[in-house]
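Below is run_22.cif, which holds mmCIF, C-alpha atoms.
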```cif
data_structure
#
loop_
_atom_site.group_PDB
_atom_site.id
_atom_site.type_symbol
_atom_site.label_atom_id
_atom_site.label_comp_id
_atom_site.auth_asym_id
_atom_site.auth_seq_id
_atom_site.Cartn_x
_atom_site.Cartn_y
_atom_site.Cartn_z
ATOM 1 C CA MET S 1 113.996 -85.274 48.831
ATOM 2 C CA THR S 2 112.147 -86.533 45.756
ATOM 3 C CA PHE S 3 111.800 -90.220 45.016
ATOM 4 C CA THR S 4 110.857 -91.836 41.735
ATOM 5 C CA GLU S 5 107.781 -94.058 41.513
ATOM 6 C CA GLN S 6 110.073 -97.039 41.003
ATOM 7 C CA HIS S 7 111.872 -96.221 44.256
ATOM 8 C CA GLU S 8 108.593 -95.768 46.107
ATOM 9 C CA ARG S 9 107.213 -99.090 44.931
ATOM 10 C CA ARG S 10 110.047 -101.072 46.515
ATOM 11 C CA ILE S 11 109.494 -99.583 49.966
ATOM 12 C CA PRO S 12 107.373 -101.979 52.080
ATOM 13 C CA GLN S 13 104.130 -100.380 53.213
ATOM 14 C CA ARG S 14 104.822 -101.425 56.809
ATOM 15 C CA THR S 15 107.876 -99.182 56.788
ATOM 16 C CA ILE S 16 105.812 -95.971 56.683
ATOM 17 C CA PRO S 17 104.183 -96.166 60.148
ATOM 18 C CA ARG S 18 107.555 -97.129 61.613
ATOM 19 C CA LEU S 19 109.024 -93.908 60.210
ATOM 20 C CA SER S 20 106.342 -91.987 62.103
ATOM 21 C CA HIS S 21 107.368 -93.774 65.302
ATOM 22 C CA TYR S 22 111.022 -92.926 64.662
ATOM 23 C CA TYR S 23 110.097 -89.284 64.193
ATOM 24 C CA ARG S 24 108.229 -89.229 67.507
ATOM 25 C CA ALA S 25 111.238 -90.818 69.189
ATOM 26 C CA LEU S 26 113.372 -87.960 67.891
ATOM 27 C CA LEU S 27 110.882 -85.467 69.281
ATOM 28 C CA GLU S 28 111.454 -87.060 72.693
ATOM 29 C CA SER S 29 115.225 -86.639 72.294
ATOM 30 C CA ARG S 30 115.446 -82.857 72.302
ATOM 31 C CA GLU S 31 118.303 -82.751 74.815
ATOM 32 C CA VAL S 32 120.740 -84.822 72.732
ATOM 33 C CA GLN S 33 122.469 -84.021 69.462
ATOM 34 C CA LEU S 34 123.256 -87.565 68.360
ATOM 35 C CA ILE S 35 121.137 -90.679 68.640
ATOM 36 C CA SER S 36 121.963 -94.291 67.814
ATOM 37 C CA SER S 37 119.760 -96.850 66.084
ATOM 38 C CA GLU S 38 119.848 -98.791 69.372
ATOM 39 C CA THR S 39 118.361 -95.838 71.247
ATOM 40 C CA ILE S 40 115.680 -95.322 68.590
ATOM 41 C CA ALA S 41 114.899 -99.026 68.891
ATOM 42 C CA GLU S 42 114.531 -98.775 72.659
ATOM 43 C CA LEU S 43 112.156 -95.825 72.311
ATOM 44 C CA THR S 44 109.984 -97.443 69.644
ATOM 45 C CA GLY S 45 110.020 -101.159 70.415
ATOM 46 C CA TYR S 46 111.620 -102.148 67.103
ATOM 47 C CA THR S 47 115.089 -103.610 66.614
ATOM 48 C CA ALA S 48 118.147 -101.533 65.782
ATOM 49 C CA ALA S 49 118.576 -103.565 62.593
ATOM 50 C CA GLN S 50 115.000 -102.704 61.573
ATOM 51 C CA VAL S 51 115.629 -99.010 62.191
ATOM 52 C CA ARG S 52 118.764 -99.022 60.037
ATOM 53 C CA ARG S 53 117.073 -101.044 57.300
ATOM 54 C CA ASP S 54 114.039 -98.728 57.143
ATOM 55 C CA LEU S 55 116.163 -95.594 56.942
ATOM 56 C CA ALA S 56 118.444 -97.154 54.306
ATOM 57 C CA TYR S 57 115.521 -97.247 51.847
ATOM 58 C CA PHE S 58 115.823 -93.474 51.602
ATOM 59 C CA GLY S 59 119.579 -92.968 51.642
ATOM 60 C CA GLN S 60 122.574 -93.095 53.924
ATOM 61 C CA PHE S 61 122.145 -91.150 57.151
ATOM 62 C CA GLY S 62 124.339 -90.948 60.204
ATOM 63 C CA THR S 63 127.916 -91.930 60.895
ATOM 64 C CA PRO S 64 129.001 -95.441 61.927
ATOM 65 C CA GLY S 65 130.005 -95.447 65.575
ATOM 66 C CA ARG S 66 128.441 -92.045 66.234
ATOM 67 C CA GLY S 67 124.805 -92.376 65.204
ATOM 68 C CA TYR S 68 122.403 -89.920 63.636
ATOM 69 C CA SER S 69 122.139 -86.177 64.077
ATOM 70 C CA VAL S 70 118.768 -85.720 65.768
ATOM 71 C CA GLU S 71 118.013 -82.454 63.984
ATOM 72 C CA ASP S 72 119.151 -83.662 60.558
ATOM 73 C CA LEU S 73 117.214 -86.919 60.821
ATOM 74 C CA LYS S 74 114.096 -85.062 61.971
ATOM 75 C CA LYS S 75 114.288 -82.872 58.859
ATOM 76 C CA VAL S 76 114.752 -85.900 56.618
ATOM 77 C CA LEU S 77 111.797 -87.749 58.140
ATOM 78 C CA LEU S 78 109.605 -84.649 57.900
ATOM 79 C CA GLN S 79 110.365 -84.507 54.200
ATOM 80 C CA ILE S 80 109.899 -88.233 53.599
ATOM 81 C CA LEU S 81 106.559 -88.237 55.430
ATOM 82 C CA GLY S 82 105.428 -85.092 53.612
ATOM 83 C CA ILE S 83 104.839 -83.158 56.826
ATOM 84 C CA ASP S 84 107.441 -80.495 56.178
ATOM 85 C CA HIS S 85 104.574 -78.319 54.942
ATOM 86 C CA GLN S 86 100.934 -77.670 55.845
ATOM 87 C CA TRP S 87 98.078 -79.798 54.483
ATOM 88 C CA ASN S 88 94.537 -78.478 54.131
ATOM 89 C CA VAL S 89 92.136 -81.286 55.011
ATOM 90 C CA ALA S 90 88.383 -81.710 54.535
ATOM 91 C CA LEU S 91 86.382 -83.714 57.080
ATOM 92 C CA ILE S 92 83.367 -85.471 55.567
ATOM 93 C CA GLY S 93 80.719 -86.586 58.055
ATOM 94 C CA MET S 94 80.016 -84.650 61.233
ATOM 95 C CA GLY S 95 78.693 -87.470 63.393
ATOM 96 C CA ASN S 96 80.194 -88.464 66.739
ATOM 97 C CA LEU S 97 83.437 -89.780 65.240
ATOM 98 C CA GLY S 98 83.830 -86.790 62.953
ATOM 99 C CA LEU S 99 83.338 -84.386 65.848
ATOM 100 C CA ALA S 100 85.868 -86.266 67.970
ATOM 101 C CA LEU S 101 88.455 -86.059 65.188
ATOM 102 C CA LEU S 102 87.729 -82.378 64.699
ATOM 103 C CA ARG S 103 88.490 -81.725 68.357
ATOM 104 C CA TYR S 104 91.776 -83.618 68.294
ATOM 105 C CA ARG S 105 94.627 -81.090 68.571
ATOM 106 C CA GLY S 106 97.358 -83.418 67.363
ATOM 107 C CA PHE S 107 96.469 -83.009 63.682
ATOM 108 C CA HIS S 108 97.245 -79.299 63.651
ATOM 109 C CA GLU S 109 100.491 -79.816 65.528
ATOM 110 C CA GLN S 110 101.650 -82.151 62.752
ATOM 111 C CA GLY S 111 100.655 -79.788 59.955
ATOM 112 C CA PHE S 112 97.218 -81.225 59.107
ATOM 113 C CA ASN S 113 94.688 -78.403 59.159
ATOM 114 C CA ILE S 114 91.036 -79.444 59.007
ATOM 115 C CA ILE S 115 89.722 -76.280 57.408
ATOM 116 C CA ALA S 116 86.205 -77.341 56.445
ATOM 117 C CA GLY S 117 83.607 -79.882 57.500
ATOM 118 C CA PHE S 118 80.919 -81.280 55.211
ATOM 119 C CA ASP S 119 77.606 -82.957 55.972
ATOM 120 C CA ASN S 120 74.146 -83.165 54.424
ATOM 121 C CA ASP S 121 72.309 -82.895 57.745
ATOM 122 C CA PRO S 122 70.608 -79.452 57.658
ATOM 123 C CA ARG S 123 70.840 -79.283 61.464
ATOM 124 C CA LYS S 124 74.631 -79.276 61.235
ATOM 125 C CA VAL S 125 75.214 -77.211 58.090
ATOM 126 C CA GLY S 126 76.242 -73.671 58.942
ATOM 127 C CA GLN S 127 77.500 -74.507 62.427
ATOM 128 C CA MET S 128 80.953 -73.447 63.627
ATOM 129 C CA ILE S 129 82.601 -76.284 65.536
ATOM 130 C CA GLU S 130 86.070 -75.803 66.998
ATOM 131 C CA GLY S 131 86.526 -72.908 64.587
ATOM 132 C CA VAL S 132 85.586 -75.003 61.543
ATOM 133 C CA LYS S 133 82.435 -74.295 59.547
ATOM 134 C CA VAL S 134 80.204 -77.147 58.381
ATOM 135 C CA HIS S 135 79.123 -76.947 54.728
ATOM 136 C CA GLN S 136 76.773 -78.896 52.511
ATOM 137 C CA MET S 137 78.355 -81.567 50.351
ATOM 138 C CA ASP S 138 77.399 -79.746 47.167
ATOM 139 C CA GLU S 139 79.797 -76.967 48.232
ATOM 140 C CA LEU S 140 82.775 -79.331 48.280
ATOM 141 C CA ALA S 141 84.069 -78.442 44.811
ATOM 142 C CA GLU S 142 84.092 -74.730 45.605
ATOM 143 C CA TYR S 143 86.119 -75.089 48.802
ATOM 144 C CA ALA S 144 88.425 -77.797 47.450
ATOM 145 C CA LYS S 145 89.471 -75.496 44.630
ATOM 146 C CA ARG S 146 89.685 -72.329 46.724
ATOM 147 C CA ASP S 147 91.660 -73.860 49.596
ATOM 148 C CA GLN S 148 93.633 -76.430 47.566
ATOM 149 C CA ILE S 149 92.278 -79.359 49.555
ATOM 150 C CA ARG S 150 94.118 -82.521 48.518
ATOM 151 C CA MET S 151 93.441 -84.667 51.579
ATOM 152 C CA ALA S 152 90.191 -85.743 53.243
ATOM 153 C CA VAL S 153 88.953 -87.773 56.198
ATOM 154 C CA VAL S 154 85.719 -89.736 55.655
ATOM 155 C CA THR S 155 83.514 -90.744 58.611
ATOM 156 C CA VAL S 156 80.177 -91.292 56.863
ATOM 157 C CA PRO S 157 78.064 -94.498 57.042
ATOM 158 C CA ALA S 158 79.188 -97.387 54.847
ATOM 159 C CA SER S 159 76.185 -96.977 52.528
ATOM 160 C CA ALA S 160 77.254 -93.439 51.618
ATOM 161 C CA ALA S 161 81.022 -93.880 51.587
ATOM 162 C CA GLN S 162 81.618 -94.795 47.933
ATOM 163 C CA ALA S 163 79.551 -91.875 46.646
ATOM 164 C CA VAL S 164 81.424 -89.509 48.960
ATOM 165 C CA VAL S 165 84.799 -90.847 47.842
ATOM 166 C CA ASP S 166 83.776 -90.530 44.180
ATOM 167 C CA GLN S 167 82.892 -86.908 44.856
ATOM 168 C CA LEU S 168 86.226 -86.289 46.575
ATOM 169 C CA VAL S 169 88.124 -87.797 43.669
ATOM 170 C CA GLY S 170 86.123 -85.629 41.283
ATOM 171 C CA VAL S 171 87.278 -82.414 42.990
ATOM 172 C CA GLY S 172 90.947 -83.384 42.997
ATOM 173 C CA VAL S 173 91.490 -84.963 46.418
ATOM 174 C CA LYS S 174 94.479 -87.305 46.177
ATOM 175 C CA ALA S 175 94.654 -88.888 49.644
ATOM 176 C CA ILE S 176 91.743 -90.194 51.724
ATOM 177 C CA LEU S 177 91.571 -91.572 55.252
ATOM 178 C CA ASN S 178 88.444 -93.723 55.413
ATOM 179 C CA PHE S 179 86.761 -94.728 58.677
ATOM 180 C CA ALA S 180 83.684 -96.228 57.011
ATOM 181 C CA PRO S 181 83.678 -100.048 57.493
ATOM 182 C CA VAL S 182 83.757 -100.833 53.784
ATOM 183 C CA ARG S 183 86.404 -101.222 51.099
ATOM 184 C CA LEU S 184 86.209 -98.435 48.550
ATOM 185 C CA GLN S 185 87.318 -98.168 44.944
ATOM 186 C CA VAL S 186 89.535 -95.291 43.806
ATOM 187 C CA PRO S 187 91.312 -94.666 40.504
ATOM 188 C CA GLY S 188 95.055 -94.829 40.039
ATOM 189 C CA GLY S 189 96.872 -91.853 41.484
ATOM 190 C CA VAL S 190 94.524 -91.603 44.472
ATOM 191 C CA LYS S 191 95.616 -93.150 47.764
ATOM 192 C CA ILE S 192 93.131 -94.414 50.330
ATOM 193 C CA HIS S 193 93.847 -95.778 53.790
ATOM 194 C CA ASN S 194 91.068 -97.698 55.520
ATOM 195 C CA ILE S 195 90.669 -97.823 59.286
ATOM 196 C CA ASP S 196 88.005 -100.240 60.545
ATOM 197 C CA LEU S 197 87.685 -99.709 64.305
ATOM 198 C CA ALA S 198 85.898 -103.048 64.747
ATOM 199 C CA ILE S 199 88.832 -104.875 63.177
ATOM 200 C CA GLU S 200 91.233 -103.016 65.458
ATOM 201 C CA LEU S 201 89.209 -104.137 68.487
ATOM 202 C CA GLU S 202 89.187 -107.708 67.192
ATOM 203 C CA ARG S 203 92.965 -107.533 66.913
ATOM 204 C CA LEU S 204 93.124 -106.263 70.478
ATOM 205 C CA SER S 205 90.854 -109.051 71.730
ATOM 206 C CA PHE S 206 93.095 -111.608 69.982
ATOM 207 C CA LEU S 207 96.140 -110.186 71.768
ATOM 208 C CA ALA S 208 94.254 -110.201 75.070
ATOM 209 C CA ILE S 209 93.371 -113.908 74.936
ATOM 210 C CA HIS S 210 96.665 -115.083 73.376
ATOM 211 C CA LYS S 211 99.057 -113.681 75.964
#
```
Target format structure tokens, applied to this file:
Amino acid sequence: MTFTEQHERRIPQRTIPRLSHYYRALLESREVQLISSETIAELTGYTAAQVRRDLAYFGQFGTPGRGYSVEDLKKVLLQILGIDHQWNVALIGMGNLGLALLRYRGFHEQGFNIIAGFDNDPRKVGQMIEGVKVHQMDELAEYAKRDQIRMAVVTVPASAAQAVVDQLVGVGVKAILNFAPVRLQVPGGVKIHNIDLAIELERLSFLAIHK
């Protein structure tokens, strides 16, 4: 399914993570052929109306009174989320967080293959970690072109993050997941998603004290 830029712009950004939750709910429903929006809502914590509204952004799925075909909806969500094919991913920064992400098996199961690590620490360059070789940053262009890397995960210190992102953009990376605690500038056509773990903990502490 291909959507125009105009169509994409009218889809609320908060819809996207909900689609991922719906997909995981379908994965838990292997023993049924049909599933209702009410059941998806129960499995995800959203409302049935929210489920139907989110899916309606992308077309009409399911049959009133019967629900959605689990297999058909899984295929649709795979396509919408862009995980109906494999992605080659570069991991920039081989510190503790980078190593933890490298060892996480869930990425590969969802089609995200971290095929190369990059770091400027000479003690790490050349190492094989979880089957992935660590390269120097000045080798990024070579491997990005050879392996068609269009996605990257950045776990470098904040002071180095913008320079790293500029380098990624320069070699054709179009989507970046940034763990550095700083807002980064990217040109149009490049998507960046920032995850600040401190902010996430602050959100959790707010929820803990405002029960």
Could you expand the PyMOL selection byres ((chain S and resi 172-184) around 8) into the explicit residues it covers here, written as a list of chain:residue names?
->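 Selection result, ordered by chain and number: S:Ala144, S:Ile149, S:Arg150, S:Met151, S:Ala152, S:Val153, S:Val154, S:Thr155, S:Val156, S:Pro157, S:Ala158, S:Ala161, S:Gln162, S:Val165, S:Leu168, S:Val169, S:Gly170, S:Val171, S:Gln185, S:Val186, S:Gly189, S:Val190, S:Lys191, S:Ile192, S:His193, S:Asn194, S:Ile195, S:Asp196, S:Leu197.
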Let me know the residues the PyMOL selection byres ((chain S and resi 134) around 8) catches in the file above, as a ChimeraX atom specification.
-> /S:116-119,124-129,132-133,135-136
Just give me the gap between atom CA of Leu26 of chain S and atom CA of Ala100 of chain S in Å, one decimal is fine.
-> 27.6 Å
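Rounded to one decimal, atom CA of His21 of chain S and atom CA of Ile80 of chain S lie 13.2 Å from each other.
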Hits from the PyMOL selection byres ((chain S and resi 103) around 12), listed as number ranges by chain = S: 91, 94, 96-102, 104-108, 113-114, 129-132
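Residues in contact with Thr44 of chain S at 9 Å, where all atoms listed in the file are counted and same-chain residues fewer than 4 positions away are skipped, are listed as S:Arg18, S:His21, S:Tyr22, S:Arg24, S:Ala25, S:Thr39, S:Ile40.
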Name the closest residue to Gly82 of chain S among the candidates S:Ile16, S:Asp121, S:Glu142, S:Tyr57; distances are taken between atoms, counting all atoms listed in the file.
->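 Nearest to Gly82 of chain S: S:Ile16.
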For atom CA of Asn120 of chain S and atom CA of Ile92 of chain S, determine how far apart the two atoms are, in Å to one decimal place.
-> 9.6 Å
May I have the residues within 9 Å of Asp147 of chain S as a list in words, using only C-alpha atoms and disregarding those fewer than 4 positions away in the same chain?
->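 Residues near the query, excluding close chain neighbours: Asn88, Ile115, Glu142 and Tyr143 of chain S.
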Residues within 7 Å of (101.9, -79.2, 58.5), counting only C-alpha atoms, listed as a PyMOL selection string | chain S and resi 83-87+108+110-112
For those residues, write C-alpha atoms to a file as an mmCIF file, keeping the file's coordinate frame.
```cif
data_model
loop_
_atom_site.group_PDB
_atom_site.id
_atom_site.type_symbol
_atom_site.label_atom_id
_atom_site.label_comp_id
_atom_site.auth_asym_id
_atom_site.auth_seq_id
_atom_site.Cartn_x
_atom_site.Cartn_y
_atom_site.Cartn_z
ATOM 1 C CA ILE S 83 104.839 -83.158 56.826
ATOM 2 C CA ASP S 84 107.441 -80.495 56.178
ATOM 3 C CA HIS S 85 104.574 -78.319 54.942
ATOM 4 C CA GLN S 86 100.934 -77.670 55.845
ATOM 5 C CA TRP S 87 98.078 -79.798 54.483
ATOM 6 C CA HIS S 108 97.245 -79.299 63.651
ATOM 7 C CA GLN S 110 101.650 -82.151 62.752
ATOM 8 C CA GLY S 111 100.655 -79.788 59.955
ATOM 9 C CA PHE S 112 97.218 -81.225 59.107
#
```
Within 7 Å of Tyr68 of chain S, counting only C-alpha atoms, which residues show up once you throw out same-chain ones fewer than 5 positions away? Write them as a list in words, please.
->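 Counting only the stated atoms, we get Leu34, Ile35, Ser36, Phe61, Gly62, Thr63 and Leu73 of chain S.
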Pick from S:Ala90, S:Val51, S:Leu81, S:Ala56, whichever lies nearest to Val164 of chain S using all atoms listed in the file |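 Of S:Ala90, S:Val51, S:Leu81, S:Ala56, the one nearest Val164 of chain S, counting all atoms listed in the file, is S:Ala90.
If you measure from each of S:Arg146, S:Phe58, S:Arg14, S:Pro64 to Ser37 of chain S using all atoms listed in the file, the closest one turns out to be S:Pro64.
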Option closest in space to Arg30 of chain S, from S:Leu207, S:Leu77, S:Val89, S:Val70 [counting all atoms listed in the file] =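 Smallest separation from Arg30 of chain S among the options: S:Val70.
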Could you work out an axis-aligned bounding box for all listed atoms of segment 51-63 of chain S, with 5 Å added on each of the six sides, and give its centre and edge lengths in Å to one decimal, as lines of an AutoDock Vina configuration file?
```
center_x = 121.0
center_y = -96.0
center_z = 56.9
size_x = 23.9
size_y = 20.1
size_z = 20.6
```
